[in-house]
>>> print(open('upload25.txt').read())   # compact mmCIF, C-alpha atoms and all ligand atoms
# COMPACT_ATOMS: atom_id res chain seq x y z
CA MET A 1 -46.59 -38.74 -37.56
CA ASN A 2 -44.08 -36.22 -36.17
CA ILE A 3 -40.57 -37.59 -35.97
CA ILE A 4 -37.16 -36.34 -34.89
CA LEU A 5 -33.96 -37.73 -36.39
CA LEU A 6 -31.19 -37.51 -33.84
CA GLY A 7 -27.53 -38.38 -34.26
CA ALA A 8 -24.03 -36.93 -34.28
CA PRO A 9 -22.76 -35.08 -37.35
CA GLY A 10 -21.88 -37.82 -39.84
CA ALA A 11 -24.30 -40.36 -38.37
CA GLY A 12 -26.17 -40.37 -41.68
CA LYS A 13 -29.27 -38.37 -40.73
CA GLY A 14 -29.48 -36.59 -44.09
CA THR A 15 -29.01 -39.76 -46.15
CA GLN A 16 -31.55 -41.70 -44.11
CA ALA A 17 -33.98 -38.77 -44.14
CA SER A 18 -34.02 -38.72 -47.97
CA MET A 19 -34.71 -42.45 -48.10
CA LEU A 20 -37.40 -42.19 -45.42
CA ALA A 21 -39.06 -39.29 -47.20
CA GLU A 22 -39.21 -41.40 -50.36
CA LYS A 23 -40.54 -44.55 -48.67
CA TYR A 24 -43.00 -43.09 -46.17
CA GLY A 25 -43.66 -39.67 -47.71
CA PHE A 26 -42.49 -37.89 -44.56
CA LEU A 27 -41.95 -34.16 -44.97
CA HIS A 28 -38.20 -33.67 -44.44
CA ILE A 29 -37.25 -30.50 -42.60
CA SER A 30 -33.54 -29.93 -42.11
CA THR A 31 -32.44 -26.83 -40.20
CA GLY A 32 -28.94 -27.19 -41.70
CA ASP A 33 -30.48 -27.08 -45.21
CA ILE A 34 -32.57 -24.05 -44.26
CA PHE A 35 -29.45 -22.22 -43.03
CA ARG A 36 -27.44 -23.19 -46.13
CA ALA A 37 -30.24 -21.93 -48.40
CA ASN A 38 -30.21 -18.64 -46.47
CA ILE A 39 -26.44 -18.37 -46.79
CA LYS A 40 -26.70 -18.99 -50.54
CA GLY A 41 -29.47 -16.42 -50.82
CA GLY A 42 -27.44 -13.83 -48.89
CA THR A 43 -30.23 -13.17 -46.34
CA GLU A 44 -29.67 -11.60 -42.91
CA ILE A 45 -30.34 -14.98 -41.28
CA GLY A 46 -27.79 -16.52 -43.64
CA LYS A 47 -25.14 -13.93 -42.74
CA LEU A 48 -25.69 -14.52 -39.04
CA ALA A 49 -25.84 -18.31 -39.33
CA LYS A 50 -22.63 -18.49 -41.37
CA THR A 51 -20.47 -17.15 -38.53
CA TYR A 52 -21.72 -19.92 -36.22
CA ILE A 53 -21.69 -22.70 -38.82
CA ASP A 54 -18.10 -21.89 -39.87
CA ALA A 55 -17.05 -22.09 -36.21
CA GLY A 56 -18.83 -25.43 -35.66
CA LYS A 57 -21.17 -23.78 -33.13
CA LEU A 58 -24.93 -23.78 -32.86
CA VAL A 59 -26.84 -20.89 -34.39
CA PRO A 60 -28.58 -19.05 -31.48
CA ASP A 61 -31.69 -20.78 -30.16
CA SER A 62 -33.89 -17.71 -30.60
CA VAL A 63 -33.24 -17.66 -34.36
CA THR A 64 -33.41 -21.42 -34.86
CA CYS A 65 -36.57 -22.00 -32.82
CA GLU A 66 -38.37 -19.17 -34.64
CA ILE A 67 -37.46 -20.67 -38.03
CA VAL A 68 -38.71 -24.11 -37.01
CA LYS A 69 -41.88 -22.79 -35.39
CA ASP A 70 -42.67 -20.85 -38.55
CA ARG A 71 -41.91 -23.84 -40.81
CA LEU A 72 -44.09 -26.19 -38.76
CA SER A 73 -47.00 -23.74 -38.92
CA LYS A 74 -47.18 -24.18 -42.71
CA GLU A 75 -50.03 -26.25 -44.09
CA ASP A 76 -47.87 -29.08 -45.44
CA ALA A 77 -46.51 -29.81 -41.94
CA ALA A 78 -49.99 -30.46 -40.54
CA GLU A 79 -49.88 -33.98 -42.00
CA GLY A 80 -46.66 -34.77 -40.17
CA PHE A 81 -42.94 -34.08 -40.49
CA MET A 82 -39.47 -35.45 -39.92
CA LEU A 83 -37.05 -33.03 -38.29
CA ASP A 84 -33.38 -33.48 -39.19
CA GLY A 85 -30.93 -31.44 -37.11
CA PHE A 86 -33.51 -29.98 -34.73
CA PRO A 87 -33.64 -29.96 -31.74
CA ARG A 88 -29.94 -29.81 -31.00
CA ASN A 89 -30.10 -29.03 -27.29
CA VAL A 90 -32.53 -29.41 -24.39
CA PHE A 91 -33.76 -25.82 -24.65
CA GLN A 92 -34.76 -26.36 -28.30
CA ALA A 93 -36.46 -29.66 -27.36
CA GLU A 94 -38.49 -27.89 -24.67
CA GLN A 95 -39.45 -25.15 -27.11
CA LEU A 96 -40.47 -27.77 -29.66
CA ASP A 97 -42.66 -29.48 -27.06
CA SER A 98 -44.36 -26.13 -26.45
CA PHE A 99 -45.45 -25.65 -30.08
CA SER A 100 -45.67 -29.19 -31.42
CA LYS A 101 -46.32 -32.79 -30.46
CA ILE A 102 -43.57 -35.30 -31.17
CA ASP A 103 -44.42 -38.99 -31.61
CA PHE A 104 -40.91 -40.38 -31.38
CA CYS A 105 -37.24 -39.60 -31.70
CA LEU A 106 -35.09 -41.89 -33.82
CA ASN A 107 -31.50 -41.89 -32.67
CA ILE A 108 -28.89 -43.09 -35.20
CA ASN A 109 -26.00 -44.45 -33.22
CA VAL A 110 -22.53 -44.53 -34.82
CA PRO A 111 -19.24 -45.22 -32.99
CA PHE A 112 -17.69 -41.84 -32.27
CA GLU A 113 -14.30 -42.71 -33.79
CA LEU A 114 -15.87 -43.22 -37.24
CA LEU A 115 -17.46 -39.80 -37.46
CA MET A 116 -14.44 -37.66 -38.37
CA ASP A 117 -13.61 -39.81 -41.40
CA ARG A 118 -17.24 -40.03 -42.46
CA ILE A 119 -17.67 -36.25 -42.45
CA CYS A 120 -14.30 -35.25 -43.90
CA GLY A 121 -14.75 -37.80 -46.70
CA ARG A 122 -18.29 -36.67 -47.45
CA ARG A 123 -19.14 -35.28 -50.89
CA VAL A 124 -22.60 -33.87 -51.45
CA CYS A 125 -24.83 -32.87 -54.34
CA VAL A 126 -27.32 -30.03 -54.65
CA CYS A 127 -30.03 -32.68 -55.16
CA GLY A 128 -29.47 -33.88 -51.58
CA GLU A 129 -27.48 -37.05 -52.32
CA SER A 130 -24.32 -37.63 -50.35
CA TYR A 131 -21.41 -40.04 -50.80
CA HIS A 132 -18.15 -41.04 -49.18
CA VAL A 133 -15.13 -40.20 -51.29
CA THR A 134 -13.75 -43.76 -51.15
CA ALA A 135 -16.98 -45.21 -52.55
CA LEU A 136 -16.84 -42.74 -55.44
CA ASN A 137 -13.59 -44.22 -56.82
CA GLY A 138 -12.54 -40.95 -58.41
CA ARG A 139 -15.97 -40.09 -59.75
CA THR A 140 -16.83 -36.41 -59.21
CA THR A 141 -20.47 -36.30 -60.28
CA CYS A 142 -23.71 -37.43 -58.63
CA LEU A 143 -24.89 -40.93 -59.54
CA LYS A 144 -28.48 -39.82 -59.24
CA CYS A 145 -28.59 -36.53 -61.17
CA GLY A 146 -25.14 -36.17 -62.77
CA LYS A 147 -24.33 -32.80 -61.17
CA GLU A 148 -20.85 -32.00 -59.87
CA LEU A 149 -20.30 -33.07 -56.23
CA TYR A 150 -18.76 -30.75 -53.67
CA ARG A 151 -17.53 -30.71 -50.10
CA ARG A 152 -19.60 -28.77 -47.58
CA ALA A 153 -17.73 -25.69 -46.27
CA ASP A 154 -18.03 -26.96 -42.69
CA ASP A 155 -16.79 -30.49 -43.52
CA ASN A 156 -13.13 -29.66 -42.80
CA PRO A 157 -11.18 -31.19 -39.86
CA GLU A 158 -11.09 -28.04 -37.66
CA THR A 159 -14.80 -27.29 -37.98
CA VAL A 160 -15.69 -30.96 -37.64
CA SER A 161 -13.79 -31.21 -34.31
CA ALA A 162 -15.77 -28.24 -33.01
CA ARG A 163 -19.05 -29.72 -34.31
CA LEU A 164 -18.36 -33.04 -32.59
CA GLU A 165 -17.57 -31.24 -29.31
CA THR A 166 -20.77 -29.22 -29.68
CA TYR A 167 -22.67 -32.45 -30.27
CA LEU A 168 -21.30 -34.11 -27.10
CA ARG A 169 -21.91 -31.09 -24.93
CA GLU A 170 -25.27 -29.89 -26.24
CA THR A 171 -27.02 -32.53 -28.33
CA GLU A 172 -26.21 -35.91 -26.79
CA PRO A 173 -28.21 -35.10 -23.61
CA LEU A 174 -31.31 -35.26 -25.82
CA ILE A 175 -31.02 -39.05 -25.85
CA GLY A 176 -31.89 -39.02 -22.13
CA TYR A 177 -34.51 -36.32 -22.68
CA TYR A 178 -36.51 -38.47 -25.14
CA GLU A 179 -35.80 -41.71 -23.28
CA LYS A 180 -37.44 -40.24 -20.19
CA GLN A 181 -40.49 -39.37 -22.27
CA GLY A 182 -40.62 -42.96 -23.60
CA LYS A 183 -40.16 -41.64 -27.13
CA LEU A 184 -36.66 -42.85 -27.96
CA LEU A 185 -35.99 -45.38 -30.72
CA SER A 186 -32.28 -46.16 -31.04
CA VAL A 187 -30.84 -47.77 -34.14
CA ASN A 188 -27.36 -49.03 -34.89
CA GLY A 189 -26.08 -46.65 -37.59
CA ASN A 190 -22.90 -48.57 -38.34
CA GLY A 191 -22.96 -50.17 -41.77
CA ALA A 192 -23.97 -49.48 -45.35
CA PRO A 193 -26.77 -46.91 -45.76
CA LYS A 194 -29.17 -49.60 -47.02
CA GLU A 195 -28.53 -51.86 -44.00
CA VAL A 196 -29.08 -48.95 -41.62
CA PHE A 197 -32.19 -47.98 -43.56
CA ALA A 198 -33.63 -51.49 -43.10
CA ARG A 199 -33.05 -51.25 -39.33
CA ILE A 200 -34.67 -47.83 -39.21
CA CYS A 201 -37.69 -49.03 -41.19
CA SER A 202 -38.30 -51.94 -38.85
CA ALA A 203 -37.98 -49.61 -35.84
CA ILE A 204 -40.49 -47.21 -37.43
CA ASP A 205 -42.86 -49.98 -38.52
CA SER A 206 -42.96 -51.23 -34.94
CA ARG A 207 -44.19 -47.81 -33.93
CA ILE A 208 -46.78 -46.92 -36.59
P1 LIG A 301 -26.33 -29.91 -40.25
O1 LIG A 301 -26.56 -29.76 -41.71
O2 LIG A 301 -27.52 -30.45 -39.51
O3 LIG A 301 -25.05 -30.66 -39.94
O4 LIG A 301 -26.12 -28.42 -39.66
C1 LIG A 301 -25.04 -27.61 -40.08
C2 LIG A 301 -24.84 -26.49 -39.09
O5 LIG A 301 -26.02 -25.66 -39.04
C3 LIG A 301 -24.60 -26.93 -37.66
O6 LIG A 301 -23.25 -27.26 -37.40
C4 LIG A 301 -25.05 -25.69 -36.89
O7 LIG A 301 -24.05 -24.67 -36.93
C5 LIG A 301 -26.23 -25.20 -37.72
N1 LIG A 301 -27.49 -25.79 -37.21
C6 LIG A 301 -28.27 -26.75 -37.81
N2 LIG A 301 -29.32 -27.07 -37.05
C7 LIG A 301 -29.21 -26.31 -35.93
C8 LIG A 301 -29.98 -26.20 -34.74
N3 LIG A 301 -31.06 -26.95 -34.51
N4 LIG A 301 -29.57 -25.29 -33.80
C9 LIG A 301 -28.51 -24.52 -33.99
N5 LIG A 301 -27.71 -24.60 -35.07
C10 LIG A 301 -28.05 -25.48 -36.03
>>> encode(input="upload25.txt", output="structure tokens")
Amino acid sequence: MNIILLGAPGAGKGTQASMLAEKYGFLHISTGDIFRANIKGGTEIGKLAKTYIDAGKLVPDSVTCEIVKDRLSKEDAAEGFMLDGFPRNVFQAEQLDSFSKIDFCLNINVPFELLMDRICGRRVCVCGESYHVTALNGRTTCLKCGKELYRRADDNPETVSARLETYLRETEPLIGYYEKQGKLLSVNGNGAPKEVFARICSAIDSRI
């Protein structure tokens, strides 16, 4: 099963992807995580990606598509995968169609006015867990692994505004792109992660 997780920044793609990977065993591939690992490792790709990520812009398609194509050619992806954060525009979707076959695209729908608070209040852990600061009640460590939580460098109001604009301009048209192909599954992403997860699971179960 080859799945795309679509949604605005802050829609909960990463959180839902971790839960889905655990329940269904889907291979989770996040382009954002790949870029962040490259930034941490000081690679050339990381240096290039950082300038775009810090500005809330998309990393150039040529670089991103090559990374995804290469990742999907690995043996573990032959069994299926779940893409989180790719494609992010129609060009990337067309490229993806040229080197892979997508079964469906799961769109997590969250009212736009909630996104800024969700992202700016987000605290993440190296293990992949993520929380909202209000739910943490002053706690600064991960409930799952105990490591110190931190705020992503691009989760600040200026960068978030740019990311949301980028989403509206470049990524939202993908909803129509997958709808036309009859591959769109839309889920209400408003609510507690577990509630949203239950909705996503029933949408997926109706499809597999
Ligand atoms: P994310 O973790 O998915 O929110 O991605 C963080 C940042 O990485 C984005 O704001 C983009 O700058 C960059 N990025 C992630 N995925 C892509 C993609 N498919 N195309 C271009 N840039 C991307």
>>> residues_near_ligand(input="upload25.txt", ligand="ligand LIG 301 (chain A)", cutoff="8 Å", atoms="all atoms listed in the file", output="PyMOL selection string")
chain A and resi 9-10+14+30-33+35-36+49-50+52-61+64-65+84-89+92+154+163
>>> closest_residue(input="upload25.txt", among="A:Ser186, A:Ser202, A:Ser130, A:Gln16", to="A:Asn107", atoms="all atoms listed in the file")
A:Ser186
>>> closest_residue(input="upload25.txt", among="A:Gly41, A:Gly46, A:Pro111, A:Gly80", to="A:Val187", atoms="all atoms listed in the file")
A:Pro111
>>> closest_residue(input="upload25.txt", among="A:Gln181, A:Thr43, A:Asn188, A:Asn38", to="A:Ala203", atoms="only C-alpha atoms")
A:Asn188
>>> closest_residue(input="upload25.txt", among="A:Val133, A:Leu83, A:Leu115, A:Val196", to="A:Asp103", atoms="all atoms listed in the file")
A:Leu83
>>> residues_around(input="upload25.txt", residues="A:Thr171", least_positions_apart="3", cutoff="9 Å", atoms="all atoms listed in the file", output="number ranges by chain")
A: 6-8, 87-90, 166-168, 174-175
>>> closest_residue(input="upload25.txt", among="A:Ile3, A:Leu48, A:Ala37, A:Val68", to="A:Leu185", atoms="all atoms listed in the file")
A:Ile3
>>> atom_distance(input="upload25.txt", atom1="atom CA of A:Gly191", atom2="atom CA of A:Ala93")
28.5 Å
>>> atom_distance(input="upload25.txt", atom1="atom CA of A:Glu79", atom2="atom CA of A:Leu20")
15.3 Å
>>> atom_distance(input="upload25.txt", atom1="atom CA of A:Lys183", atom2="atom CA of A:Ser100")
14.3 Å
>>> closest_residue(input="upload25.txt", among="A:His132, A:Lys47, A:Ser161, A:His28", to="A:Phe112", atoms="all atoms listed in the file")
A:Ser161
>>> residues_around(input="upload25.txt", residues="A:Met82", least_positions_apart="3", cutoff="7 Å", atoms="only C-alpha atoms", output="list in words")
Asn2, Ile3, Ile4, Leu5, Phe26, Leu27, His28 and Ile29 of chain A
>>> residues_around(input="upload25.txt", residues="A:Asp155", least_positions_apart="6", cutoff="9 Å", atoms="all atoms listed in the file", output="list in words")
Ile119, Cys120, Gly121 and Arg122 of chain A
